[in-house]
Amino acid sequence: MAKNLLAFSGGVDSSALFFWLLEKNIPFDLATVNYHTRQTSHEEVEYAKTLAKKYNKKIFIKDCKLNKFSEKKARDCRYGFFEEIIKKHGYDTLILAHQLNDRFEWFLMQFGKGAGLKELISMEKWEEREFYKIYRPFYNVSRKEIINFLHKRNINYFIDESNFDKKYKRNLIRHEFSDKFIELFENGVKKSFEFLEEDKKLLVDYDWHKIKDLYFFKKSIPQKDIKKIDLILKRLGILPTKAQKDEILRTDFNCVVQGKIAIDSNKTNIFISPYVKIPLSKEQKEFFRTNKIPPKIRGYAAKEKLCDMLYTEMSTDVLKNGKSLEN
């Protein structure tokens with residue numbers, strides 16, 4: 001049976017999701033983060049503890065005190081904590097409480113930045129990460145429906161007052177645009193997202209080879225290649241910014257992202273792997289040179305002893321046909 005971890009804050013969405021999972025008999029444990037930014041922060045953690053004890057759930061708590069609060073720093077702290085728990089305790093799935101209003105809010109934020117289809121609807125019901133999956137059961141449920149669910153069952157929840165501070169761009173979009181639009185056109189927005197998701201499936205190319213955490217695929221055109229790289233980076237735990245994607249293109253697919261993930265290429269293929277620097281033997285250097293394996297990938301391939309597998313994969317007709325070996 002899969003082990004599930006629920007990201008729980010005690011707010012509207014995660015409180016409803018907690019009881020929805022109970023009703024559906026889906027097993028899960030709790031992870032909660034205390035940013036110590038509000039007077040109610042301690043009460044929210046105590047609420048999480050109470051629910052965990054009452055319903056026999058394990059609970060993991062992180063104190064994340066930021067010198068200066070920012071959405072990015074908070075997100076990095078939060079997801080770093082979740083992934084630490086997932087690795088240490090062997091969870092398969094991280095359950096998140098994102099819902100329809102969140103998706104439309106994200107859509108508008110990306111639309112305002114000048115994004116493409118993949119970025120506009122990147123919040124999916126199921127999402128593959130490097131060593132776990134993300135599940136968003138409420139991704140097509142509106143906040144209004146969630147509040148009705150809570151009120152019908154007399155379920156307690158907390159209101160995060162910082163969500164009303166319009167100095168944060170997300171809050172401004174939420175209160176001035178997205179929530180008002182959903183209130184008027186909820187069913188239409190749901191249907192539009194369904195159509196967009198079908199269109200996205202037709203456009204997204206998942207054809208690549210994967211050996212452990214080393215990915216490679218045949219070069220196409222830069223616009224297609226960068227979209228594929230973006231998908232692979234997300235699987236490796238990196239959410240690339242526009243500036244980072246621009247850098248990848250500017251360097252002709254030859255750079256290290258966030259000091260963690262190497263991207264390199266030869267005349268025909270693009271390679272992506274964790275960035276590792278280790279001494280190479282004379283035989284390894286000759287193998288990489290002969291088989292045109294670019295420098296930034298060599299450390300990881302040598303460390304994980306992938307030379308033979310890499311040679312086999314690159315020698316097959318599968319690569320020539322552009323088929324994926326991942327599935």
# chains A, B, ... in the order shown; residues from 1 in each chain; ligands from 1
call {"tool": "residues_around", "arguments": {"residues": "Leu310 of chain A", "least_positions_apart": "2", "cutoff": "12 Å", "atoms": "only C-alpha atoms", "output": "MDAnalysis selection string"}}
result
chainID A and resid 209:216 271 287:288 291:293 297:298 300:302 304:308 312:316 319
call {"tool": "residues_around", "arguments": {"residues": "Ser122 of chain A", "least_positions_apart": "6", "cutoff": "9 Å", "atoms": "only C-alpha atoms", "output": "PyMOL selection string"}}
result
chain A and resi 103+106-107
call {"tool": "write_last_selection", "arguments": {"atoms": "N, CA and C atoms", "output": "PDB file, in the first residue's frame"}}
result
ATOM      1  N   ARG A 103      -5.291  27.254  -9.123  1.00  0.00           N
ATOM      2  CA  ARG A 103      -4.867  26.999 -10.498  1.00  0.00           C
ATOM      3  C   ARG A 103      -5.106  28.223 -11.382  1.00  0.00           C
ATOM      4  N   TRP A 106      -2.678  30.960 -10.500  1.00  0.00           N
ATOM      5  CA  TRP A 106      -1.377  30.676 -11.115  1.00  0.00           C
ATOM      6  C   TRP A 106      -1.408  30.992 -12.607  1.00  0.00           C
ATOM      7  N   PHE A 107      -2.501  30.594 -13.253  1.00  0.00           N
ATOM      8  CA  PHE A 107      -2.678  30.849 -14.689  1.00  0.00           C
ATOM      9  C   PHE A 107      -2.529  32.343 -14.986  1.00  0.00           C
TER      10      PHE A 107
END
call {"tool": "closest_residue", "arguments": {"among": "A:Tyr135, A:Phe8, A:Phe82, A:Phe158", "to": "Arg38 of chain A", "atoms": "only C-alpha atoms"}}
result
A:Phe158
call {"tool": "residues_around", "arguments": {"residues": "Cys77 of chain A", "least_positions_apart": "3", "cutoff": "9 Å", "atoms": "only C-alpha atoms", "output": "list of chain:residue names"}}
result
A:Val33, A:Lys62, A:Cys64, A:Lys72, A:Lys73, A:Ala74, A:Gly80, A:Phe81, A:Phe82
call {"tool": "select_by_dssp", "arguments": {"residues": "segment 128-228 of chain A", "states": "strand (DSSP E or B)", "output": "list in words"}}
result
Glu128, Lys133, Ile134, Tyr135, His209, Lys210, Ile211, Leu214, Tyr215, Phe216, Phe217 and Lys218 of chain A
call {"tool": "write_last_selection", "arguments": {"atoms": "C-alpha atoms", "output": "mmCIF file, in the first residue's frame"}}
result
data_model
loop_
_atom_site.group_PDB
_atom_site.id
_atom_site.type_symbol
_atom_site.label_atom_id
_atom_site.label_comp_id
_atom_site.auth_asym_id
_atom_site.auth_seq_id
_atom_site.Cartn_x
_atom_site.Cartn_y
_atom_site.Cartn_z
ATOM 1 C CA GLU A 128 6.029 13.024 -11.172
ATOM 2 C CA LYS A 133 4.602 11.785 -6.801
ATOM 3 C CA ILE A 134 2.458 14.820 -6.071
ATOM 4 C CA TYR A 135 -1.310 14.361 -5.836
ATOM 5 C CA HIS A 209 16.204 7.868 -22.254
ATOM 6 C CA LYS A 210 16.747 7.529 -18.509
ATOM 7 C CA ILE A 211 19.482 5.607 -16.693
ATOM 8 C CA LEU A 214 20.901 10.562 -16.205
ATOM 9 C CA TYR A 215 18.572 11.631 -19.024
ATOM 10 C CA PHE A 216 19.396 12.098 -22.683
ATOM 11 C CA PHE A 217 17.466 12.694 -25.894
ATOM 12 C CA LYS A 218 18.012 13.626 -29.515
#
call {"tool": "residues_around", "arguments": {"residues": "Ser265 of chain A", "least_positions_apart": "2", "cutoff": "12 Å", "atoms": "only C-alpha atoms", "output": "JSON, numbers by chain"}}
result
{"A": [215, 216, 217, 218, 219, 225, 229, 248, 249, 251, 252, 253, 254, 255, 262, 263, 267, 268, 269, 270, 271, 272, 273, 292, 293, 294, 295, 296, 297, 298]}
call {"tool": "residues_around", "arguments": {"residues": "Ile95 of chain A", "least_positions_apart": "3", "cutoff": "8 Å", "atoms": "only C-alpha atoms", "output": "PDB file with N, CA and C atoms, in the first residue's frame"}}
result
ATOM      1  N   ASN A   4       1.368   7.875   2.030  1.00  0.00           N
ATOM      2  CA  ASN A   4       1.023   9.234   1.626  1.00  0.00           C
ATOM      3  C   ASN A   4       1.308  10.230   2.734  1.00  0.00           C
ATOM      4  N   LEU A   5       1.788  11.401   2.332  1.00  0.00           N
ATOM      5  CA  LEU A   5       2.075  12.484   3.276  1.00  0.00           C
ATOM      6  C   LEU A   5       1.253  13.699   2.883  1.00  0.00           C
ATOM      7  N   LEU A   6       0.430  14.193   3.793  1.00  0.00           N
ATOM      8  CA  LEU A   6      -0.403  15.366   3.538  1.00  0.00           C
ATOM      9  C   LEU A   6       0.279  16.626   4.061  1.00  0.00           C
ATOM     10  N   ALA A   7       0.458  17.601   3.180  1.00  0.00           N
ATOM     11  CA  ALA A   7       0.963  18.908   3.597  1.00  0.00           C
ATOM     12  C   ALA A   7      -0.199  19.660   4.250  1.00  0.00           C
ATOM     13  N   ILE A 134       3.321  13.820  -6.703  1.00  0.00           N
ATOM     14  CA  ILE A 134       2.458  14.820  -6.071  1.00  0.00           C
ATOM     15  C   ILE A 134       1.021  14.543  -6.514  1.00  0.00           C
ATOM     16  N   TYR A 135       0.111  14.600  -5.562  1.00  0.00           N
ATOM     17  CA  TYR A 135      -1.310  14.361  -5.836  1.00  0.00           C
ATOM     18  C   TYR A 135      -2.110  15.546  -5.324  1.00  0.00           C
ATOM     19  N   ARG A 136      -2.949  16.115  -6.208  1.00  0.00           N
ATOM     20  CA  ARG A 136      -3.797  17.263  -5.854  1.00  0.00           C
ATOM     21  C   ARG A 136      -5.267  16.878  -6.075  1.00  0.00           C
ATOM     22  N   PRO A 137      -5.907  16.234  -5.101  1.00  0.00           N
ATOM     23  CA  PRO A 137      -7.290  15.770  -5.287  1.00  0.00           C
ATOM     24  C   PRO A 137      -8.288  16.890  -5.559  1.00  0.00           C
TER      25      PRO A 137
END
call {"tool": "closest_residue", "arguments": {"among": "A:Arg153, A:His36, A:Lys3, A:Arg250", "to": "Trp20 of chain A", "atoms": "only C-alpha atoms"}}
result
A:Arg153
call {"tool": "select_by_dssp", "arguments": {"residues": "segment 119-214 of chain A", "states": "helix (DSSP H, G or I)", "output": "PDB file with C-alpha atoms, in the first residue's frame"}}
result
ATOM      1  CA  GLU A 119       3.612  27.066 -17.823  1.00  0.00           C
ATOM      2  CA  LEU A 120       0.020  28.336 -17.810  1.00  0.00           C
ATOM      3  CA  ARG A 143     -12.791  27.319  -2.862  1.00  0.00           C
ATOM      4  CA  LYS A 144     -16.542  27.938  -2.537  1.00  0.00           C
ATOM      5  CA  GLU A 145     -17.213  24.192  -2.781  1.00  0.00           C
ATOM      6  CA  ILE A 146     -14.490  23.502  -0.216  1.00  0.00           C
ATOM      7  CA  ILE A 147     -15.937  25.997   2.283  1.00  0.00           C
ATOM      8  CA  ASN A 148     -19.391  24.422   1.828  1.00  0.00           C
ATOM      9  CA  PHE A 149     -17.818  21.013   2.568  1.00  0.00           C
ATOM     10  CA  LEU A 150     -16.342  22.376   5.811  1.00  0.00           C
ATOM     11  CA  HIS A 151     -19.491  24.127   6.976  1.00  0.00           C
ATOM     12  CA  LYS A 152     -21.756  21.127   6.341  1.00  0.00           C
ATOM     13  CA  GLU A 161      -4.505  36.788   7.551  1.00  0.00           C
ATOM     14  CA  SER A 162      -1.374  37.211   5.413  1.00  0.00           C
ATOM     15  CA  ASN A 163      -3.416  35.966   2.450  1.00  0.00           C
ATOM     16  CA  PHE A 164      -5.225  39.323   2.477  1.00  0.00           C
ATOM     17  CA  LYS A 169       1.440  39.726  -6.053  1.00  0.00           C
ATOM     18  CA  ARG A 170      -0.358  36.415  -5.570  1.00  0.00           C
ATOM     19  CA  ASN A 171      -2.790  37.969  -3.102  1.00  0.00           C
ATOM     20  CA  LEU A 172      -3.423  40.949  -5.359  1.00  0.00           C
ATOM     21  CA  ILE A 173      -4.320  38.686  -8.271  1.00  0.00           C
ATOM     22  CA  ARG A 174      -6.435  36.476  -6.012  1.00  0.00           C
ATOM     23  CA  HIS A 175      -8.598  39.213  -4.532  1.00  0.00           C
ATOM     24  CA  GLU A 176      -8.807  41.584  -7.484  1.00  0.00           C
ATOM     25  CA  PHE A 177      -9.139  39.106 -10.328  1.00  0.00           C
ATOM     26  CA  SER A 178      -9.121  35.312  -9.944  1.00  0.00           C
ATOM     27  CA  ASP A 179     -11.620  34.789  -7.095  1.00  0.00           C
ATOM     28  CA  LYS A 180     -14.104  37.233  -8.604  1.00  0.00           C
ATOM     29  CA  PHE A 181     -13.822  35.558 -12.003  1.00  0.00           C
ATOM     30  CA  ILE A 182     -14.275  32.045 -10.554  1.00  0.00           C
ATOM     31  CA  GLU A 183     -17.335  33.261  -8.667  1.00  0.00           C
ATOM     32  CA  LEU A 184     -18.946  34.246 -11.990  1.00  0.00           C
ATOM     33  CA  PHE A 185     -17.610  31.593 -14.361  1.00  0.00           C
ATOM     34  CA  GLU A 186     -16.657  28.545 -12.284  1.00  0.00           C
ATOM     35  CA  ASN A 187     -18.033  25.867 -14.621  1.00  0.00           C
ATOM     36  CA  GLY A 188     -16.556  27.507 -17.702  1.00  0.00           C
ATOM     37  CA  VAL A 189     -13.104  27.727 -16.079  1.00  0.00           C
ATOM     38  CA  LYS A 190     -13.258  24.037 -15.143  1.00  0.00           C
ATOM     39  CA  LYS A 191     -14.183  23.060 -18.688  1.00  0.00           C
ATOM     40  CA  SER A 192     -11.493  25.297 -20.192  1.00  0.00           C
ATOM     41  CA  PHE A 193      -8.815  23.695 -18.014  1.00  0.00           C
ATOM     42  CA  GLU A 194      -9.985  20.259 -19.175  1.00  0.00           C
ATOM     43  CA  PHE A 195      -9.632  21.282 -22.833  1.00  0.00           C
ATOM     44  CA  LEU A 196      -6.237  22.887 -22.203  1.00  0.00           C
ATOM     45  CA  GLU A 197      -4.971  19.741 -20.484  1.00  0.00           C
ATOM     46  CA  GLU A 198      -5.952  17.641 -23.491  1.00  0.00           C
ATOM     47  CA  ASP A 199      -4.191  20.094 -25.802  1.00  0.00           C
ATOM     48  CA  LYS A 200      -1.100  19.982 -23.589  1.00  0.00           C
ATOM     49  CA  LYS A 201      -0.932  16.177 -23.838  1.00  0.00           C
ATOM     50  CA  LEU A 202      -0.770  16.473 -27.614  1.00  0.00           C
ATOM     51  CA  LEU A 203       2.064  19.006 -27.460  1.00  0.00           C
TER      52      LEU A 203
END
call {"tool": "residues_around", "arguments": {"residues": "Arg235 of chain A", "least_positions_apart": "6", "cutoff": "9 Å", "atoms": "only C-alpha atoms", "output": "ChimeraX atom specification"}}
result
/A:127-131
call {"tool": "write_last_selection", "arguments": {"atoms": "N, CA and C atoms", "output": "PDB file, in the first residue's frame"}}
result
ATOM      1  N   GLU A 127       1.613  14.610 -10.513  1.00  0.00           N
ATOM      2  CA  GLU A 127       2.872  15.148 -11.015  1.00  0.00           C
ATOM      3  C   GLU A 127       4.017  14.249 -10.556  1.00  0.00           C
ATOM      4  N   GLU A 128       4.875  13.862 -11.488  1.00  0.00           N
ATOM      5  CA  GLU A 128       6.029  13.024 -11.172  1.00  0.00           C
ATOM      6  C   GLU A 128       7.204  13.885 -10.729  1.00  0.00           C
ATOM      7  N   ARG A 129       7.802  13.523  -9.594  1.00  0.00           N
ATOM      8  CA  ARG A 129       9.045  14.127  -9.157  1.00  0.00           C
ATOM      9  C   ARG A 129      10.131  13.056  -9.151  1.00  0.00           C
ATOM     10  N   GLU A 130      11.322  13.431  -8.749  1.00  0.00           N
ATOM     11  CA  GLU A 130      12.455  12.506  -8.851  1.00  0.00           C
ATOM     12  C   GLU A 130      12.207  11.207  -8.097  1.00  0.00           C
ATOM     13  N   PHE A 131      11.728  11.281  -6.861  1.00  0.00           N
ATOM     14  CA  PHE A 131      11.586  10.067  -6.049  1.00  0.00           C
ATOM     15  C   PHE A 131      10.217   9.979  -5.366  1.00  0.00           C
TER      16      PHE A 131
END
call {"tool": "atom_distance", "arguments": {"atom1": "atom CA of Lys303 of chain A", "atom2": "atom CA of Thr93 of chain A"}}
result
28.4 Å
call {"tool": "closest_residue", "arguments": {"among": "A:Met109, A:Ile121, A:Ile261, A:Ile238", "to": "Asp76 of chain A", "atoms": "only C-alpha atoms"}}
result
A:Ile238
call {"tool": "atom_distance", "arguments": {"atom1": "atom CA of Tyr35 of chain A", "atom2": "atom CA of Lys65 of chain A"}}
result
5.4 Å
call {"tool": "atom_distance", "arguments": {"atom1": "atom CA of Tyr47 of chain A", "atom2": "atom CA of Phe19 of chain A"}}
result
13.6 Å
